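**Q** Please read through the structure below; I'll follow up with questions.
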Amino acid sequence: MTKPFLTYQQQLHKLIIEKQLIIKNLDFARQKLCDIGYFSLIDGYKNPFLNPMTRIYLPNTTFEDIFALYHFDNLLRELIFRYLCSIEKKMRSLISYAFCARHGELQQEYLSPSNYNYTPKNRQGIHTLIRILERLANSNTDYEYLVYQRKVYNNVPFWILVNALTFGQLSKIHSFLPFQIQSSISRNFIHVNEKALEQYLRSFVLYRNVCAHNERLFSHKIYSDIPDTPLHIKLKIPQSGAQFLMGKRDLFSIVIAFRYLLSKSDFEIFKRELSKLIDKYLKSSSRICEQQLLHLMGFPLNWKDISKYKL
């Protein structure tokens with residue numbers, strides 16, 4: 001059985017009659033369904049407003065309530081994405097510098113499996129990665145700077161090629177680097193070791209994809225944990241056995257990672273912007289209280305204390 005196509009008028013009728021959603025301004029609602037799409041807007045943001053048993057909206061829920069949550073998530077995505085991109089840029093610089101400081105500028109060095117942690121576990125992944133790097137260095141024509149280096153010098157240094165990699169590919173490179181190079185990279189973050197940095201990068205890649213594809217962010221959970229940190233303990237995050245229930249795979253895990261990888265001043269600016277976004281949303285819609293919103297985001301109630309504690 002498939003879902004039938006519905007016109008905008010039929011979508012509105014379904015929301016009002018079947019789902020008992022209050023729509024104050026039909027023209028506004030129709031325009032937003034046209035601009036965003038029913039799936040992205042309604043299916044993406046309806047759950048906090050639904051009765052889980054009847055799948056009908058809770059009393060007095062309006063279309064504007066759903067749109068307010070969507071709008072909040074849009075702004076949240078922009079904020080998180082900006083800082084993810086900042087860290088991504090820094091990692092491009094650190095990884096290429098550390099590799100070239102050890103192996104030099106010749107492209108044959110990053111195309112050699114021997115310059116990676118070539119264990120049986122990593123072997124297939126390293127060969128896949130090298131094929132990607134080889135195509136970029138030797139035949140890719142999408143990036144003018146690669147074509148220029150190839151034509152003029154017959155060589156594409158790693159510090160140039162790294163700019164054409166996705167964040168996912170960059171994270172893979174980091175995971176395959178020998179310990180000595182990983183260590184020289186992690187030393188740039190005072191309280192982060194090699195393994196923790198690898199975990200943070202893996203989480204960043206997954207959340208960056210959510211942001212880049214305009215998917216729902218505020219309640220998103222990934223399959224990859226960040227490491228347990230002293231901040232989890234200092235914030236008194238609840239546990240089930242030895243497992244922390246917040247700040248591991250949810251959005252708050254990214255906030256914790258930012259605390260460790262951003263400069264102190266950058267993190268303070270980020271936290272201030274995030275706090276303003278949350279406050280503005282809570283003022284714009286009374287349907288979700290602060291406690292419920294923070295729970296959906298995976299944030300403890302005392303999340304603002306994150307910058308109060310020393311790392």
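Chain labels follow the order of the structure tokens: the first chain is A, the next B, and so on; residue numbering restarts at 1 in every chain, and ligands are counted from 1 in their shown order.
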Which residues are close to Ala212 of chain A, i.e. within 12 Å by only C-alpha atoms, leaving aside same-chain residues fewer than 4 positions away? Reply as JSON, numbers by chain.

**A** {"A": [74, 77, 78, 80, 81, 82, 84, 85, 166, 167, 204, 205, 206, 207, 208, 216, 217]}

**Q** I'd like the contact shell of segment 234-239 of chain A - 8 Å cut-off, only C-alpha atoms, skipping same-chain residues fewer than 6 positions apart - returned as a PDB file with N, CA and C atoms, in the first residue's frame.

**A**
```pdb
ATOM      1  N   LEU A 245      23.418   9.167  29.878  1.00  0.00           N
ATOM      2  CA  LEU A 245      22.186   9.195  29.097  1.00  0.00           C
ATOM      3  C   LEU A 245      22.077  10.421  28.199  1.00  0.00           C
ATOM      4  N   MET A 246      22.955  11.372  28.364  1.00  0.00           N
ATOM      5  CA  MET A 246      22.978  12.569  27.526  1.00  0.00           C
ATOM      6  C   MET A 246      24.427  12.884  27.151  1.00  0.00           C
ATOM      7  N   PRO A 300      21.111  18.564  29.263  1.00  0.00           N
ATOM      8  CA  PRO A 300      20.706  18.636  30.667  1.00  0.00           C
ATOM      9  C   PRO A 300      20.207  20.044  30.988  1.00  0.00           C
ATOM     10  N   ASN A 302      21.085  22.015  33.223  1.00  0.00           N
ATOM     11  CA  ASN A 302      22.195  22.899  33.603  1.00  0.00           C
ATOM     12  C   ASN A 302      23.248  23.019  32.504  1.00  0.00           C
ATOM     13  N   TRP A 303      22.841  22.866  31.249  1.00  0.00           N
ATOM     14  CA  TRP A 303      23.805  22.814  30.151  1.00  0.00           C
ATOM     15  C   TRP A 303      24.677  24.061  30.052  1.00  0.00           C
ATOM     16  N   ASP A 305      26.160  25.538  32.274  1.00  0.00           N
ATOM     17  CA  ASP A 305      27.304  25.449  33.168  1.00  0.00           C
ATOM     18  C   ASP A 305      28.515  24.823  32.496  1.00  0.00           C
ATOM     19  N   ILE A 306      28.372  24.409  31.244  1.00  0.00           N
ATOM     20  CA  ILE A 306      29.447  23.700  30.556  1.00  0.00           C
ATOM     21  C   ILE A 306      30.732  24.516  30.472  1.00  0.00           C
ATOM     22  N   TYR A 309      33.098  24.996  34.177  1.00  0.00           N
ATOM     23  CA  TYR A 309      34.083  24.042  34.693  1.00  0.00           C
ATOM     24  C   TYR A 309      35.351  24.047  33.854  1.00  0.00           C
TER      25      TYR A 309
END
```

**Q** Excluding same-chain residues fewer than 5 positions from Ile269 of chain A, what lies within 12 Å of it counting only C-alpha atoms, as a list in words?

**A**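 Those residues are Leu79, Tyr83, Phe258, Arg259, Leu262, Ser263, Lys264, Leu274, Ser275, Lys276 and Ser307 of chain A.
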
**Q** For atom CA of Asn193 of chain A and atom CA of Asp225 of chain A, quote the distance in Å rounded to one decimal.

**A**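 For atom CA of Asn193 of chain A relative to atom CA of Asp225 of chain A, the distance reads 15.5 Å.
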
**Q** Excluding same-chain residues fewer than 4 positions from Leu133 of chain A, what lies within 9 Å of it counting only C-alpha atoms, as a compact mmCIF listing (two decimals) with all heavy atoms, in the first residue's frame?

**A**
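Saved to selection_23.txt:
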```txt
# COMPACT_ATOMS: atom_id res chain seq x y z
N TYR A 110 51.69 10.45 -0.04
CA TYR A 110 50.35 10.17 0.48
C TYR A 110 49.63 9.09 -0.35
O TYR A 110 48.55 8.65 0.02
CB TYR A 110 49.49 11.45 0.59
CG TYR A 110 49.26 12.23 -0.69
CD1 TYR A 110 48.35 11.82 -1.65
CD2 TYR A 110 49.93 13.44 -0.91
CE1 TYR A 110 48.12 12.55 -2.81
CE2 TYR A 110 49.72 14.19 -2.05
CZ TYR A 110 48.81 13.73 -3.00
OH TYR A 110 48.58 14.48 -4.15
N LEU A 111 50.26 8.66 -1.44
CA LEU A 111 49.71 7.56 -2.23
C LEU A 111 50.37 6.22 -1.88
O LEU A 111 50.08 5.20 -2.50
CB LEU A 111 49.89 7.84 -3.73
CG LEU A 111 49.16 9.08 -4.27
CD1 LEU A 111 49.44 9.25 -5.76
CD2 LEU A 111 47.66 8.99 -4.01
N THR A 128 41.20 1.85 -0.51
CA THR A 128 40.06 2.62 -1.04
C THR A 128 40.37 4.11 -0.98
O THR A 128 40.11 4.86 -1.94
CB THR A 128 38.78 2.32 -0.23
OG1 THR A 128 38.47 0.93 -0.35
CG2 THR A 128 37.61 3.15 -0.74
N LEU A 129 40.92 4.56 0.14
CA LEU A 129 41.28 5.96 0.30
C LEU A 129 42.33 6.38 -0.72
O LEU A 129 42.21 7.45 -1.34
CB LEU A 129 41.80 6.19 1.72
CG LEU A 129 42.32 7.60 2.01
CD1 LEU A 129 41.19 8.62 1.95
CD2 LEU A 129 43.00 7.64 3.38
N ALA A 137 44.52 13.56 -7.47
CA ALA A 137 45.85 14.06 -7.82
C ALA A 137 46.16 13.94 -9.32
O ALA A 137 46.78 14.84 -9.90
CB ALA A 137 46.92 13.32 -7.02
N ASN A 138 45.68 12.87 -9.95
CA ASN A 138 46.13 12.57 -11.32
C ASN A 138 45.11 12.84 -12.42
O ASN A 138 45.51 13.00 -13.58
CB ASN A 138 46.58 11.11 -11.41
CG ASN A 138 47.80 10.83 -10.56
OD1 ASN A 138 48.63 11.72 -10.36
ND2 ASN A 138 47.92 9.62 -10.04
N LEU A 161 45.98 19.23 -2.06
CA LEU A 161 44.97 18.21 -2.36
C LEU A 161 43.94 18.08 -1.25
O LEU A 161 42.76 17.83 -1.50
CB LEU A 161 45.66 16.86 -2.57
CG LEU A 161 44.70 15.71 -2.88
CD1 LEU A 161 45.09 15.03 -4.18
CD2 LEU A 161 44.68 14.70 -1.74
N VAL A 162 44.34 18.30 0.00
CA VAL A 162 43.44 18.10 1.14
C VAL A 162 42.20 19.00 1.06
O VAL A 162 41.14 18.67 1.61
CB VAL A 162 44.22 18.34 2.46
CG1 VAL A 162 44.43 19.82 2.72
CG2 VAL A 162 43.51 17.69 3.63
N LEU A 165 39.05 17.31 -0.41
CA LEU A 165 38.47 16.17 0.29
C LEU A 165 37.20 16.55 1.04
O LEU A 165 37.06 17.68 1.52
CB LEU A 165 39.48 15.60 1.29
CG LEU A 165 40.80 15.07 0.72
CD1 LEU A 165 41.73 14.66 1.85
CD2 LEU A 165 40.54 13.89 -0.21
```

**Q** Could you please write out, as number ranges by chain, every residue of segment 50-297 of chain A that DSSP assigns to strand (DSSP E or B)?

**A** A: 50, 57, 62, 239-240, 243-244

**Q** Within 9 Å of Trp159 of chain A, counting only C-alpha atoms, which residues qualify if same-chain residues fewer than 2 places away don't, as a PDB file with N, CA, C and O atoms, in the first residue's frame?

**A**
```
ATOM      1  N   ARG A  92      41.858  20.261   8.333  1.00  0.00           N
ATOM      2  CA  ARG A  92      42.545  20.175   7.032  1.00  0.00           C
ATOM      3  C   ARG A  92      43.986  20.688   7.175  1.00  0.00           C
ATOM      4  O   ARG A  92      44.929  20.086   6.666  1.00  0.00           O
ATOM      5  N   SER A  93      44.106  21.808   7.857  1.00  0.00           N
ATOM      6  CA  SER A  93      45.423  22.411   8.031  1.00  0.00           C
ATOM      7  C   SER A  93      46.327  21.540   8.901  1.00  0.00           C
ATOM      8  O   SER A  93      47.485  21.283   8.548  1.00  0.00           O
ATOM      9  N   ILE A  95      46.121  18.261   9.700  1.00  0.00           N
ATOM     10  CA  ILE A  95      46.440  16.946   9.140  1.00  0.00           C
ATOM     11  C   ILE A  95      47.463  17.065   8.017  1.00  0.00           C
ATOM     12  O   ILE A  95      48.441  16.311   7.963  1.00  0.00           O
ATOM     13  N   SER A  96      47.253  18.007   7.117  1.00  0.00           N
ATOM     14  CA  SER A  96      48.197  18.153   5.995  1.00  0.00           C
ATOM     15  C   SER A  96      49.571  18.606   6.489  1.00  0.00           C
ATOM     16  O   SER A  96      50.607  18.136   6.003  1.00  0.00           O
ATOM     17  N   TYR A  97      49.586  19.495   7.479  1.00  0.00           N
ATOM     18  CA  TYR A  97      50.871  19.969   8.019  1.00  0.00           C
ATOM     19  C   TYR A  97      51.639  18.826   8.687  1.00  0.00           C
ATOM     20  O   TYR A  97      52.835  18.628   8.450  1.00  0.00           O
ATOM     21  N   PHE A  99      51.319  15.589   8.261  1.00  0.00           N
ATOM     22  CA  PHE A  99      51.751  14.565   7.297  1.00  0.00           C
ATOM     23  C   PHE A  99      52.956  15.059   6.500  1.00  0.00           C
ATOM     24  O   PHE A  99      53.948  14.337   6.341  1.00  0.00           O
ATOM     25  N   CYS A 100      52.878  16.280   6.005  1.00  0.00           N
ATOM     26  CA  CYS A 100      53.963  16.800   5.160  1.00  0.00           C
ATOM     27  C   CYS A 100      55.229  17.080   5.972  1.00  0.00           C
ATOM     28  O   CYS A 100      56.342  16.969   5.446  1.00  0.00           O
ATOM     29  N   GLU A 105      56.646  16.920   0.426  1.00  0.00           N
ATOM     30  CA  GLU A 105      55.633  17.481  -0.465  1.00  0.00           C
ATOM     31  C   GLU A 105      55.272  16.601  -1.662  1.00  0.00           C
ATOM     32  O   GLU A 105      54.324  16.907  -2.401  1.00  0.00           O
ATOM     33  N   VAL A 156      51.008  17.208  -6.975  1.00  0.00           N
ATOM     34  CA  VAL A 156      49.999  17.896  -6.159  1.00  0.00           C
ATOM     35  C   VAL A 156      50.331  17.649  -4.699  1.00  0.00           C
ATOM     36  O   VAL A 156      50.107  16.543  -4.190  1.00  0.00           O
ATOM     37  N   PRO A 157      50.907  18.631  -4.006  1.00  0.00           N
ATOM     38  CA  PRO A 157      51.248  18.437  -2.592  1.00  0.00           C
ATOM     39  C   PRO A 157      49.995  18.150  -1.761  1.00  0.00           C
ATOM     40  O   PRO A 157      48.891  18.580  -2.100  1.00  0.00           O
ATOM     41  N   LEU A 161      45.984  19.231  -2.065  1.00  0.00           N
ATOM     42  CA  LEU A 161      44.974  18.211  -2.360  1.00  0.00           C
ATOM     43  C   LEU A 161      43.936  18.083  -1.248  1.00  0.00           C
ATOM     44  O   LEU A 161      42.759  17.826  -1.503  1.00  0.00           O
ATOM     45  N   VAL A 162      44.336  18.301  -0.002  1.00  0.00           N
ATOM     46  CA  VAL A 162      43.444  18.104   1.136  1.00  0.00           C
ATOM     47  C   VAL A 162      42.204  18.999   1.057  1.00  0.00           C
ATOM     48  O   VAL A 162      41.143  18.674   1.608  1.00  0.00           O
ATOM     49  N   ASN A 163      42.316  20.105   0.327  1.00  0.00           N
ATOM     50  CA  ASN A 163      41.183  21.028   0.208  1.00  0.00           C
ATOM     51  C   ASN A 163      40.054  20.479  -0.654  1.00  0.00           C
ATOM     52  O   ASN A 163      38.939  20.991  -0.620  1.00  0.00           O
TER      53      ASN A 163
END
```

**Q** A:His71, A:Arg249, A:Arg150, A:Lys172: which is nearest Ile132 of chain A, counting only C-alpha atoms?

**A** A:Lys172

**Q** Hey, which of A:Ile181, A:Cys34, A:Ile42, A:Leu251 ends up closest to Arg102 of chain A? Count only C-alpha atoms.

**A**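 Looking only at the distances to Arg102 of chain A, the closest residue turns out to be A:Ile181.
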
**Q** If you measure from atom CA of Ser86 of chain A to atom CA of Leu201 of chain A, what distance in Å do you get, rounded to one decimal?

**A**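 Interatomic distance, atom CA of Ser86 of chain A to atom CA of Leu201 of chain A: 12.6 Å.
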
**Q** Out of A:Gly168, A:Pro227, A:Gly104, A:Pro120, which residue has the shortest atom-to-atom distance to Lys248 of chain A when counting only C-alpha atoms?

**A**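 Of the candidates, the smallest distance to Lys248 of chain A is held by A:Pro227.
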
**Q** How close does each residue of segment 50-146 of chain A get to segment 279-286 of chain A, giving the shortest atom pair and distance in Å to one decimal for every residue with an atom at most 9 Å away, counting only C-alpha atoms, sorted by chain and residue number, as JSON lines?

**A**
```
{"residue": "A:Glu64", "atom": "CA", "partner": "A:Ser285", "partner_atom": "CA", "distance": 8.3}
{"residue": "A:Asp65", "atom": "CA", "partner": "A:Ser285", "partner_atom": "CA", "distance": 6.1}
{"residue": "A:Ala68", "atom": "CA", "partner": "A:Ser285", "partner_atom": "CA", "distance": 6.7}
{"residue": "A:Leu69", "atom": "CA", "partner": "A:Tyr281", "partner_atom": "CA", "distance": 7.4}
{"residue": "A:His71", "atom": "CA", "partner": "A:Tyr281", "partner_atom": "CA", "distance": 8.6}
{"residue": "A:Phe72", "atom": "CA", "partner": "A:Tyr281", "partner_atom": "CA", "distance": 6.1}
```

**Q** Take the residues from that selection and put them in a file with all heavy atoms, as a compact mmCIF listing (two decimals), in the first residue's frame.

**A**
```txt
# COMPACT_ATOMS: atom_id res chain seq x y z
N GLU A 64 1.26 27.06 13.09
CA GLU A 64 2.34 27.99 13.45
C GLU A 64 3.28 27.39 14.48
O GLU A 64 4.49 27.71 14.49
CB GLU A 64 1.73 29.30 13.96
CG GLU A 64 1.11 30.18 12.88
CD GLU A 64 -0.25 29.65 12.38
OE1 GLU A 64 -0.83 28.76 13.04
OE2 GLU A 64 -0.71 30.12 11.33
N ASP A 65 2.77 26.53 15.37
CA ASP A 65 3.63 25.86 16.34
C ASP A 65 4.64 24.96 15.65
O ASP A 65 5.82 24.92 16.00
CB ASP A 65 2.79 25.01 17.31
CG ASP A 65 1.94 25.84 18.24
OD1 ASP A 65 2.38 26.92 18.64
OD2 ASP A 65 0.81 25.41 18.55
N ALA A 68 7.18 27.13 13.79
CA ALA A 68 8.12 27.77 14.72
C ALA A 68 9.25 26.82 15.09
O ALA A 68 10.42 27.22 15.17
CB ALA A 68 7.40 28.25 15.97
N LEU A 69 8.91 25.55 15.30
CA LEU A 69 9.94 24.55 15.62
C LEU A 69 10.83 24.31 14.42
O LEU A 69 12.06 24.20 14.55
CB LEU A 69 9.28 23.25 16.07
CG LEU A 69 10.23 22.14 16.52
CD1 LEU A 69 11.12 22.59 17.68
CD2 LEU A 69 9.45 20.88 16.91
N HIS A 71 11.49 26.49 12.06
CA HIS A 71 12.31 27.69 11.90
C HIS A 71 13.45 27.70 12.92
O HIS A 71 14.61 28.03 12.57
CB HIS A 71 11.44 28.94 12.07
CG HIS A 71 12.18 30.23 11.87
ND1 HIS A 71 12.78 30.57 10.68
CD2 HIS A 71 12.44 31.25 12.73
CE1 HIS A 71 13.36 31.74 10.80
NE2 HIS A 71 13.18 32.18 12.04
N PHE A 72 13.16 27.31 14.14
CA PHE A 72 14.20 27.20 15.17
C PHE A 72 15.28 26.22 14.73
O PHE A 72 16.49 26.48 14.85
CB PHE A 72 13.58 26.75 16.49
CG PHE A 72 14.58 26.20 17.48
CD1 PHE A 72 15.47 27.04 18.14
CD2 PHE A 72 14.61 24.84 17.77
CE1 PHE A 72 16.39 26.53 19.04
CE2 PHE A 72 15.53 24.33 18.67
CZ PHE A 72 16.42 25.17 19.32
```

**Q** Name the closest residue to Phe158 of chain A among the candidates A:Ser139, A:Gln182, A:Gln107, A:Thr7; distances are taken between atoms, counting only C-alpha atoms.

**A**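 Among A:Ser139, A:Gln182, A:Gln107, A:Thr7, it is A:Gln107 that comes nearest to Phe158 of chain A.
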
**Q** Using DSSP assignments from the backbone, pull out every residue in segment 40-181 of chain A that falls under alpha helix (DSSP H) and give it to me as a ChimeraX atom specification.

**A** /A:44-45,63-103,107-110,123-138,144-153,158-161,167-176,179-181
